[in-house]
file start11.cif (mmCIF, C-alpha atoms)
data_final
#
loop_
_atom_site.label_atom_id
_atom_site.label_comp_id
_atom_site.auth_asym_id
_atom_site.auth_seq_id
_atom_site.Cartn_x
_atom_site.Cartn_y
_atom_site.Cartn_z
CA MET A 1 -21.33 -2.26 -59.78
CA LYS A 2 -21.06 -5.44 -61.80
CA GLU A 3 -17.59 -6.95 -62.00
CA GLN A 4 -16.27 -7.25 -65.56
CA ILE A 5 -14.62 -10.47 -66.65
CA GLY A 6 -11.17 -10.27 -68.21
CA TYR A 7 -8.77 -12.84 -69.57
CA LEU A 8 -5.04 -13.46 -69.53
CA VAL A 9 -4.22 -15.29 -72.74
CA LEU A 10 -0.75 -16.83 -72.83
CA SER A 11 1.63 -17.78 -75.64
CA THR A 12 1.51 -21.32 -74.22
CA GLY A 13 -2.16 -21.60 -75.20
CA ASP A 14 -3.38 -21.31 -71.61
CA VAL A 15 -6.21 -18.92 -70.78
CA LEU A 16 -6.84 -17.69 -67.23
CA GLU A 17 -10.05 -15.90 -66.27
CA GLY A 18 -10.10 -12.98 -63.86
CA LYS A 19 -11.75 -9.64 -63.21
CA TRP A 20 -10.71 -6.17 -64.22
CA LEU A 21 -9.39 -3.88 -61.50
CA GLY A 22 -9.73 -0.33 -62.73
CA SER A 23 -10.37 0.63 -66.32
CA VAL A 24 -10.50 -1.91 -69.12
CA LYS A 25 -7.31 -1.59 -71.16
CA GLU A 26 -5.80 -4.38 -73.22
CA VAL A 27 -2.04 -4.91 -73.24
CA GLU A 28 0.62 -7.46 -74.18
CA GLY A 29 3.92 -8.22 -72.49
CA GLU A 30 6.45 -10.71 -71.19
CA MET A 31 5.09 -12.73 -68.25
CA VAL A 32 7.10 -12.66 -64.99
CA PHE A 33 6.36 -13.31 -61.32
CA ASN A 34 7.58 -11.70 -58.10
CA THR A 35 7.67 -13.67 -54.83
CA ALA A 36 7.99 -10.75 -52.38
CA MET A 37 5.42 -10.54 -49.57
CA THR A 38 5.73 -6.74 -49.37
CA GLY A 39 6.91 -3.95 -51.63
CA TYR A 40 4.17 -3.98 -54.25
CA GLN A 41 4.49 -0.19 -54.65
CA GLU A 42 8.19 -0.51 -55.44
CA VAL A 43 7.44 -3.33 -57.88
CA MET A 44 4.82 -1.22 -59.65
CA THR A 45 7.28 1.65 -60.09
CA ASP A 46 10.54 -0.23 -60.77
CA PRO A 47 11.60 0.59 -64.38
CA SER A 48 13.18 -2.87 -64.68
CA TYR A 49 9.63 -4.21 -65.16
CA ALA A 50 9.09 -2.14 -68.31
CA GLY A 51 7.32 -4.16 -70.98
CA GLN A 52 6.40 -6.94 -68.55
CA ILE A 53 3.12 -8.20 -67.12
CA VAL A 54 3.99 -8.80 -63.46
CA THR A 55 2.33 -11.49 -61.36
CA MET A 56 2.45 -11.03 -57.59
CA THR A 57 2.55 -14.47 -55.96
CA TYR A 58 1.63 -13.20 -52.46
CA PRO A 59 -2.18 -13.45 -52.33
CA LEU A 60 -3.18 -10.16 -50.66
CA ILE A 61 -1.97 -6.97 -52.35
CA GLY A 62 -2.70 -3.43 -51.19
CA ASN A 63 -3.23 -4.04 -47.47
CA TYR A 64 -0.93 -1.17 -46.39
CA GLY A 65 -1.89 1.15 -49.23
CA MET A 66 0.36 3.44 -51.26
CA ASN A 67 2.34 6.49 -50.16
CA ASP A 68 4.26 9.35 -51.76
CA ILE A 69 7.64 8.16 -50.45
CA ASP A 70 8.34 4.73 -51.92
CA TYR A 71 8.15 5.42 -55.65
CA GLU A 72 11.13 4.00 -57.55
CA SER A 73 10.48 6.18 -60.60
CA ILE A 74 8.34 9.13 -61.63
CA LYS A 75 5.65 6.79 -62.94
CA PRO A 76 5.08 3.04 -63.37
CA SER A 77 6.65 1.36 -66.41
CA LEU A 78 5.27 -2.18 -66.14
CA ALA A 79 2.97 -3.28 -68.95
CA GLY A 80 0.34 -4.92 -66.74
CA TRP A 81 -0.35 -6.39 -63.32
CA ILE A 82 -1.83 -9.70 -62.18
CA ILE A 83 -2.88 -10.19 -58.53
CA SER A 84 -5.03 -12.58 -56.55
CA SER A 85 -6.91 -10.46 -54.01
CA PRO A 86 -6.81 -6.63 -53.87
CA CYS A 87 -7.32 -4.76 -50.59
CA HIS A 88 -9.61 -1.74 -50.93
CA THR A 89 -9.34 -0.57 -47.31
CA PRO A 90 -5.61 -0.31 -46.46
CA GLU A 91 -4.29 0.40 -42.97
CA HIS A 92 -1.02 2.31 -42.55
CA TYR A 93 -0.16 5.70 -41.10
CA GLN A 94 1.70 6.76 -44.28
CA SER A 95 -0.94 5.50 -46.71
CA ASN A 96 -2.72 8.13 -48.77
CA HIS A 97 -3.75 6.08 -51.83
CA THR A 98 -5.20 2.65 -52.51
CA ILE A 99 -3.75 0.45 -55.23
CA VAL A 100 -6.90 1.13 -57.27
CA ASP A 101 -6.17 4.87 -57.07
CA ILE A 102 -2.75 4.34 -58.64
CA ILE A 103 -3.99 1.79 -61.17
CA GLU A 104 -6.59 4.31 -62.34
CA LYS A 105 -4.21 7.29 -62.28
CA TYR A 106 -1.61 5.60 -64.49
CA GLN A 107 -4.02 3.39 -66.45
CA ILE A 108 -2.23 0.15 -65.56
CA PRO A 109 -4.06 -2.86 -67.08
CA THR A 110 -4.78 -5.09 -64.07
CA LEU A 111 -6.60 -8.37 -63.51
CA TYR A 112 -7.43 -9.86 -60.10
CA ASP A 113 -9.09 -13.03 -58.89
CA ILE A 114 -6.57 -14.90 -61.06
CA ASP A 115 -5.13 -18.21 -59.90
CA THR A 116 -1.61 -16.80 -59.46
CA ARG A 117 -0.27 -20.13 -58.21
CA ALA A 118 -1.31 -21.85 -61.45
CA LEU A 119 0.07 -18.96 -63.50
CA THR A 120 3.42 -19.09 -61.71
CA ARG A 121 3.65 -22.82 -62.38
CA ILE A 122 3.05 -22.20 -66.10
CA ILE A 123 5.84 -19.61 -66.23
CA ARG A 124 8.20 -21.90 -64.28
CA GLU A 125 7.45 -24.80 -66.61
CA HIS A 126 7.74 -22.95 -69.94
CA GLY A 127 10.25 -20.21 -69.08
CA GLU A 128 9.83 -17.50 -71.71
CA VAL A 129 6.10 -16.80 -71.75
CA TYR A 130 4.23 -13.85 -73.25
CA GLY A 131 0.66 -12.86 -72.50
CA LYS A 132 -2.18 -10.53 -73.31
CA ILE A 133 -4.66 -8.98 -70.88
CA THR A 134 -7.86 -8.81 -72.89
CA THR A 135 -11.65 -8.98 -72.94
CA ASP A 136 -11.60 -11.78 -75.54
CA GLU A 137 -10.61 -15.25 -74.37
CA LYS A 138 -9.93 -16.24 -78.00
CA ASP A 139 -7.38 -13.46 -78.42
CA ILE A 140 -3.74 -14.41 -79.09
CA PRO A 141 -0.69 -12.43 -77.93
CA LYS A 142 1.38 -11.28 -80.90
CA LYS A 143 4.37 -10.10 -78.84
CA ARG A 144 6.92 -12.92 -78.56
CA THR A 145 10.23 -11.10 -77.95
CA VAL A 146 11.81 -8.63 -75.52
CA ASP A 147 11.81 -5.06 -76.89
CA ALA A 148 15.36 -4.23 -77.96
CA ASP A 149 14.84 -0.49 -77.28
CA ILE A 150 13.24 -0.84 -73.84
CA VAL A 151 16.10 0.89 -71.97
CA LYS A 152 15.80 3.96 -74.19
CA GLN A 153 12.14 4.21 -73.20
CA VAL A 154 12.83 4.36 -69.43
CA SER A 155 16.13 6.27 -69.30
CA ILE A 156 16.17 10.00 -68.58
CA SER A 157 16.78 12.32 -71.55
CA LYS A 158 18.92 14.96 -69.82
CA ILE A 159 21.52 15.06 -67.07
CA THR A 160 20.06 15.52 -63.57
CA GLN A 161 21.92 16.44 -60.38
CA PHE A 162 21.20 15.72 -56.71
CA LYS A 163 22.92 17.03 -53.60
CA ALA A 164 24.05 14.91 -50.67
CA ASN A 165 21.74 14.89 -47.66
CA LYS A 166 22.66 16.83 -44.49
CA LEU A 167 25.24 19.13 -46.07
CA THR A 168 28.18 20.24 -43.90
CA ASP A 169 31.61 21.70 -44.62
CA GLN A 170 33.10 18.32 -45.46
CA VAL A 171 34.16 17.27 -48.96
CA TYR A 172 31.55 15.04 -50.61
CA PRO A 173 32.28 12.31 -53.17
CA HIS A 174 30.62 12.90 -56.52
CA VAL A 175 29.09 9.82 -58.16
CA VAL A 176 27.68 9.53 -61.67
CA VAL A 177 24.81 7.06 -62.12
CA PHE A 178 24.24 5.73 -65.64
CA ASP A 179 20.46 5.42 -66.01
CA PHE A 180 19.50 2.16 -67.67
CA GLY A 181 16.22 2.31 -65.70
CA TYR A 182 17.55 3.23 -62.28
CA LYS A 183 15.60 2.87 -59.06
CA HIS A 184 15.34 6.10 -57.07
CA SER A 185 16.40 4.24 -53.94
CA ILE A 186 19.88 3.79 -55.46
CA THR A 187 20.43 7.54 -55.65
CA HIS A 188 18.73 8.02 -52.26
CA SER A 189 21.15 5.50 -50.72
CA LEU A 190 24.17 7.30 -52.19
CA MET A 191 22.88 10.68 -51.01
CA GLU A 192 22.24 9.35 -47.51
CA LEU A 193 25.83 8.15 -47.42
CA GLY A 194 27.10 11.64 -48.26
CA CYS A 195 27.47 11.61 -52.04
CA HIS A 196 26.53 14.24 -54.57
CA VAL A 197 24.88 12.33 -57.46
CA THR A 198 24.60 13.11 -61.16
CA VAL A 199 22.27 10.85 -63.17
CA VAL A 200 23.07 10.63 -66.89
CA PRO A 201 21.24 9.05 -69.86
CA TYR A 202 22.13 5.46 -70.68
CA ASP A 203 24.06 6.38 -73.86
CA THR A 204 26.16 9.21 -72.41
CA SER A 205 29.65 9.31 -73.94
CA PHE A 206 32.91 8.82 -72.07
CA GLU A 207 33.93 12.34 -73.06
CA THR A 208 30.84 13.75 -71.30
CA ILE A 209 31.63 11.74 -68.17
CA LYS A 210 35.18 13.18 -68.15
CA GLU A 211 33.69 16.68 -68.38
CA ILE A 212 31.46 15.94 -65.36
CA ASP A 213 34.59 14.66 -63.57
CA PRO A 214 33.07 12.36 -60.91
CA ASP A 215 34.92 10.44 -58.22
CA GLY A 216 33.14 7.22 -59.15
CA VAL A 217 30.47 5.70 -61.37
CA VAL A 218 27.47 3.45 -60.73
CA LEU A 219 25.94 1.47 -63.60
CA SER A 220 22.29 0.99 -62.71
CA ASN A 221 19.68 -1.70 -63.03
CA GLY A 222 17.26 -1.72 -65.95
CA PRO A 223 15.00 -3.83 -68.17
CA GLY A 224 15.59 -5.97 -71.22
CA ASN A 225 18.25 -8.20 -72.70
CA PRO A 226 21.75 -6.90 -71.91
CA GLU A 227 23.01 -7.97 -75.34
CA ASP A 228 20.72 -5.34 -76.90
CA LEU A 229 23.07 -2.74 -75.38
CA ASN A 230 26.26 -4.12 -76.92
CA HIS A 231 26.65 -0.81 -78.77
CA ILE A 232 27.55 0.98 -75.51
CA THR A 233 29.92 -1.60 -74.03
CA ASN A 234 32.95 0.24 -75.42
CA THR A 235 31.90 3.30 -73.41
CA ILE A 236 31.48 1.13 -70.33
CA LYS A 237 34.96 -0.29 -70.85
CA GLN A 238 36.41 3.23 -71.06
CA VAL A 239 34.53 4.38 -67.97
CA THR A 240 35.53 1.37 -65.88
CA ASP A 241 39.16 1.71 -66.99
CA TYR A 242 39.24 5.28 -65.66
CA TYR A 243 36.84 5.50 -62.69
CA PRO A 244 36.05 3.36 -59.65
CA THR A 245 32.83 1.64 -60.72
CA LEU A 246 29.97 -0.33 -59.18
CA GLY A 247 27.62 -2.24 -61.48
CA ILE A 248 24.16 -3.23 -60.22
CA CYS A 249 21.93 -5.85 -61.92
CA LEU A 250 21.84 -4.85 -65.62
CA GLY A 251 24.94 -2.75 -64.94
CA HIS A 252 26.68 -5.90 -63.67
CA GLN A 253 25.78 -7.75 -66.87
CA LEU A 254 26.94 -4.88 -69.10
CA VAL A 255 30.35 -4.77 -67.39
CA ALA A 256 30.70 -8.50 -68.02
CA LEU A 257 29.87 -8.02 -71.71
CA ALA A 258 32.32 -5.12 -71.96
CA TYR A 259 35.11 -7.39 -70.71
CA GLY A 260 34.37 -10.26 -73.08
CA ALA A 261 32.05 -12.45 -71.01
CA GLN A 262 28.62 -13.57 -72.16
CA THR A 263 25.11 -13.41 -70.73
CA LYS A 264 22.25 -15.86 -70.98
CA ARG A 265 18.57 -15.98 -70.15
CA LEU A 266 17.43 -17.65 -66.94
CA PRO A 267 14.61 -20.20 -67.24
CA TYR A 268 12.15 -17.87 -65.44
CA GLY A 269 14.21 -15.20 -63.69
CA HIS A 270 14.92 -14.16 -60.10
CA ARG A 271 12.34 -11.67 -58.83
CA GLY A 272 11.65 -11.21 -55.14
CA SER A 273 13.20 -10.20 -51.83
CA ASN A 274 14.24 -13.56 -50.40
CA HIS A 275 17.01 -14.87 -52.67
CA PRO A 276 19.99 -16.44 -50.83
CA VAL A 277 23.42 -15.44 -52.13
CA LYS A 278 26.81 -16.67 -50.90
CA ASP A 279 29.66 -14.18 -50.57
CA LEU A 280 32.61 -16.30 -51.71
CA ILE A 281 35.11 -13.91 -50.14
CA THR A 282 33.68 -14.05 -46.59
CA GLY A 283 31.85 -17.37 -46.84
CA LYS A 284 28.66 -15.81 -45.50
CA VAL A 285 25.18 -16.29 -46.98
CA VAL A 286 23.03 -13.17 -47.32
CA ILE A 287 19.38 -12.72 -48.30
CA THR A 288 18.95 -10.39 -51.25
CA SER A 289 16.39 -8.47 -53.28
CA GLN A 290 16.51 -9.35 -56.99
CA ASN A 291 14.80 -8.56 -60.27
CA HIS A 292 16.40 -9.96 -63.41
CA GLY A 293 15.80 -12.42 -66.21
CA TYR A 294 19.37 -12.73 -67.49
CA VAL A 295 22.67 -13.71 -65.85
CA VAL A 296 26.38 -13.70 -66.63
CA ASP A 297 27.56 -17.05 -68.00
CA HIS A 298 30.03 -18.36 -65.39
CA ASP A 299 32.11 -20.29 -67.93
CA SER A 300 32.65 -17.16 -70.04
CA VAL A 301 34.24 -15.11 -67.23
CA ASN A 302 38.00 -14.62 -67.60
CA SER A 303 39.31 -15.97 -64.29
CA GLY A 304 42.67 -14.36 -64.90
CA ASP A 305 41.13 -10.88 -64.63
CA TRP A 306 38.04 -11.53 -62.52
CA THR A 307 37.03 -13.15 -59.26
CA VAL A 308 33.47 -14.41 -58.98
CA SER A 309 32.63 -12.78 -55.64
CA HIS A 310 29.03 -14.00 -55.14
CA ILE A 311 26.92 -16.94 -56.31
CA ASN A 312 23.24 -17.76 -56.02
CA VAL A 313 22.70 -20.53 -53.48
CA ASN A 314 19.71 -21.99 -55.34
CA ASP A 315 21.05 -22.32 -58.89
CA ARG A 316 24.78 -21.43 -58.53
CA SER A 317 24.47 -18.55 -61.03
CA VAL A 318 26.90 -15.63 -60.91
CA GLU A 319 25.77 -12.93 -58.47
CA GLY A 320 28.87 -10.76 -58.26
CA LEU A 321 32.23 -10.03 -59.87
CA LYS A 322 35.37 -8.28 -58.65
CA HIS A 323 38.20 -7.24 -60.95
CA ARG A 324 41.62 -8.40 -59.79
CA THR A 325 43.48 -5.16 -60.60
CA LYS A 326 40.90 -2.41 -61.22
CA ASN A 327 38.69 -0.61 -58.72
CA LEU A 328 35.69 -2.36 -60.23
CA MET A 329 33.01 -4.56 -58.69
CA THR A 330 29.54 -5.67 -59.75
CA VAL A 331 26.55 -7.38 -58.16
CA GLN A 332 23.51 -9.01 -59.72
CA PHE A 333 21.29 -8.31 -56.71
CA HIS A 334 20.09 -4.94 -55.33
CA PRO A 335 22.15 -3.63 -52.39
CA GLU A 336 19.63 -0.81 -51.84
CA ALA A 337 17.07 -3.59 -51.20
CA HIS A 338 13.99 -1.45 -51.48
CA PRO A 339 12.04 -3.47 -50.58
CA GLY A 340 13.96 -6.27 -48.98
CA PRO A 341 16.58 -7.18 -46.37
CA ILE A 342 19.54 -4.85 -45.79
CA ASP A 343 22.11 -7.66 -45.66
CA THR A 344 24.12 -6.25 -48.59
CA PHE A 345 23.91 -2.49 -48.02
CA ASN A 346 27.63 -2.65 -47.21
CA ILE A 347 28.20 -2.91 -50.99
CA PHE A 348 27.52 0.84 -51.16
CA THR A 349 29.74 1.70 -48.20
CA THR A 350 32.58 -0.43 -49.58
CA PHE A 351 32.27 1.32 -52.95
CA ILE A 352 32.21 4.81 -51.42
CA ASN A 353 35.20 4.06 -49.21
CA GLN A 354 37.16 3.16 -52.33
CA LEU A 355 36.45 6.46 -54.08
CA SER A 356 39.56 8.55 -54.49
CA THR A 357 39.58 12.32 -54.33
CA LYS A 358 39.46 14.26 -57.58
CA GLY A 359 42.62 13.99 -59.63
CA GLU A 360 43.52 10.61 -58.16
CA LYS A 361 41.66 8.38 -60.60
CA GLN A 362 42.79 4.88 -61.47
CA HIS A 363 44.88 6.27 -64.31
CA ALA A 364 46.69 9.59 -63.93
#
call {"tool": "encode", "arguments": {"input": "start11.cif", "output": "structure tokens"}}
result
Amino acid sequence: MKEQIGYLVLSTGDVLEGKWLGSVKEVEGEMVFNTAMTGYQEVMTDPSYAGQIVTMTYPLIGNYGMNDIDYESIKPSLAGWIISSPCHTPEHYQSNHTIVDIIEKYQIPTLYDIDTRALTRIIREHGEVYGKITTDEKDIPKKRTVDADIVKQVSISKITQFKANKLTDQVYPHVVVFDFGYKHSITHSLMELGCHVTVVPYDTSFETIKEIDPDGVVLSNGPGNPEDLNHITNTIKQVTDYYPTLGICLGHQLVALAYGAQTKRLPYGHRGSNHPVKDLITGKVVITSQNHGYVVDHDSVNSGDWTVSHINVNDRSVEGLKHRTKNLMTVQFHPEAHPGPIDTFNIFTTFINQLSTKGEKQHA
């Protein structure tokens, strides 16, 4: 079978030649890169990549195949995929699909044999870059902004409930997860730690949350510009005033906005499983899994109400916040770390240990 040439045309004017992997399907999106050496299945299925063309910097992708366990969502949301060398003959005892199987099943536009090192350098140099996967090297990407409604596209439409694993006669905490594009491993982590979990749509009202009556709330990760969700920050303020709350990634940024801070775009984002973060409370440095293009502006945080609990070692950006009087903490990284190191899994256990029993909320 003859390999078909494809092109990645960038908003910078650069054109990179590659080959199609799977069916030919043109697509446009924001260009990002991920530096993880493993976890390509989780990257493919992480809703935070919605609308983005994802470049994997590790050269060999697919060598341990795909399984039915490590999906982070029901189906992939990324716009397209760029890799260097695909593996067609994976070796792993849990593998039951190749990456080509999944690319074909979900019709993910994919190019391989691309110089991913050169592409990563272009993104690092220019920052906000948009691209088009196409058959025409003279094509020009028309998309030049982040979709303001991207969270609505990946959030669930109806409330979904999950039971804690290994049920016994003990009383289980009940946690509500706001779905801004949540990773399944977040709910799996909570369930493994003995929580019943209710996942709600991103725009669920405070009144509905009070009817559900949880012991605590998690604000999930998700795609897009946090400022495009300013219309729900009043709800987030109400929720965090009333319930113990943990914000993760986009959820962290939305809490900051709800309390008057500001967010800003990073030059080219943090995406990978090897990002060093310093816990300013303990003084320890941990290695974290991250996937975000925006951060909380340090200078906009009200130091009278908030403690900056974590910072990024590389660029000193805000990686965590802790409210001085409320049962409220947020982290920019992913404590579920799927994939990635488990250095920060204690974020979940700390949150769960702070959950009060029903009727003993922050405000009576």
call {"tool": "residues_around", "arguments": {"input": "start11.cif", "residues": "segment 122-130 of chain A", "least_positions_apart": "6", "cutoff": "12 Å", "atoms": "all atoms listed in the file", "output": "PyMOL selection string"}}
result
chain A and resi 8-16+27-34+51-55+57+79-80+115-116+140-146+265-270+293-294
call {"tool": "resolve_selection", "arguments": {"input": "start11.cif", "expression": "the PyMOL selection byres ((chain A and resi 316) around 12)", "output": "PDB file with C-alpha atoms, in the coordinates of the input"}}
result
ATOM      1  CA  LEU A 266      17.430 -17.650 -66.940  1.00  0.00           C
ATOM      2  CA  HIS A 275      17.010 -14.870 -52.670  1.00  0.00           C
ATOM      3  CA  PRO A 276      19.990 -16.440 -50.830  1.00  0.00           C
ATOM      4  CA  VAL A 277      23.420 -15.440 -52.130  1.00  0.00           C
ATOM      5  CA  LYS A 278      26.810 -16.670 -50.900  1.00  0.00           C
ATOM      6  CA  ASP A 279      29.660 -14.180 -50.570  1.00  0.00           C
ATOM      7  CA  LEU A 280      32.610 -16.300 -51.710  1.00  0.00           C
ATOM      8  CA  VAL A 295      22.670 -13.710 -65.850  1.00  0.00           C
ATOM      9  CA  VAL A 296      26.380 -13.700 -66.630  1.00  0.00           C
ATOM     10  CA  ASP A 297      27.560 -17.050 -68.000  1.00  0.00           C
ATOM     11  CA  HIS A 298      30.030 -18.360 -65.390  1.00  0.00           C
ATOM     12  CA  ASP A 299      32.110 -20.290 -67.930  1.00  0.00           C
ATOM     13  CA  VAL A 308      33.470 -14.410 -58.980  1.00  0.00           C
ATOM     14  CA  HIS A 310      29.030 -14.000 -55.140  1.00  0.00           C
ATOM     15  CA  ILE A 311      26.920 -16.940 -56.310  1.00  0.00           C
ATOM     16  CA  ASN A 312      23.240 -17.760 -56.020  1.00  0.00           C
ATOM     17  CA  VAL A 313      22.700 -20.530 -53.480  1.00  0.00           C
ATOM     18  CA  ASN A 314      19.710 -21.990 -55.340  1.00  0.00           C
ATOM     19  CA  ASP A 315      21.050 -22.320 -58.890  1.00  0.00           C
ATOM     20  CA  SER A 317      24.470 -18.550 -61.030  1.00  0.00           C
ATOM     21  CA  VAL A 318      26.900 -15.630 -60.910  1.00  0.00           C
ATOM     22  CA  GLU A 319      25.770 -12.930 -58.470  1.00  0.00           C
ATOM     23  CA  GLY A 320      28.870 -10.760 -58.260  1.00  0.00           C
TER      24      GLY A 320
END
call {"tool": "residues_around", "arguments": {"input": "start11.cif", "residues": "Thr349 of chain A", "least_positions_apart": "6", "cutoff": "10 Å", "atoms": "all atoms listed in the file", "output": "list in words"}}
result
Ser189, Leu190 and Leu193 of chain A
call {"tool": "closest_residue", "arguments": {"input": "start11.cif", "among": "A:Ile133, A:Ile186, A:Val331, A:Gln290", "to": "Ser309 of chain A", "atoms": "only C-alpha atoms"}}
result
A:Val331
call {"tool": "resolve_selection", "arguments": {"input": "start11.cif", "expression": "the PyMOL selection byres ((chain A and resi 240) around 12)", "output": "ChimeraX atom specification"}}
result
/A:206,209,215-219,233-239,241-247,251-252,254-256,258-259,323,325-330,361-363
call {"tool": "atom_distance", "arguments": {"input": "start11.cif", "atom1": "atom CA of Asn230 of chain A", "atom2": "atom CA of Ile150 of chain A"}}
result
13.8 Å
call {"tool": "resolve_selection", "arguments": {"input": "start11.cif", "expression": "the PyMOL selection byres ((chain A and resi 226) around 7)", "output": "PyMOL selection string"}}
result
chain A and resi 224-225+227-229+250+253-254
call {"tool": "closest_residue", "arguments": {"input": "start11.cif", "among": "A:Gln4, A:Asn221, A:Thr120, A:Thr89", "to": "Val151 of chain A", "atoms": "only C-alpha atoms"}}
result
A:Asn221
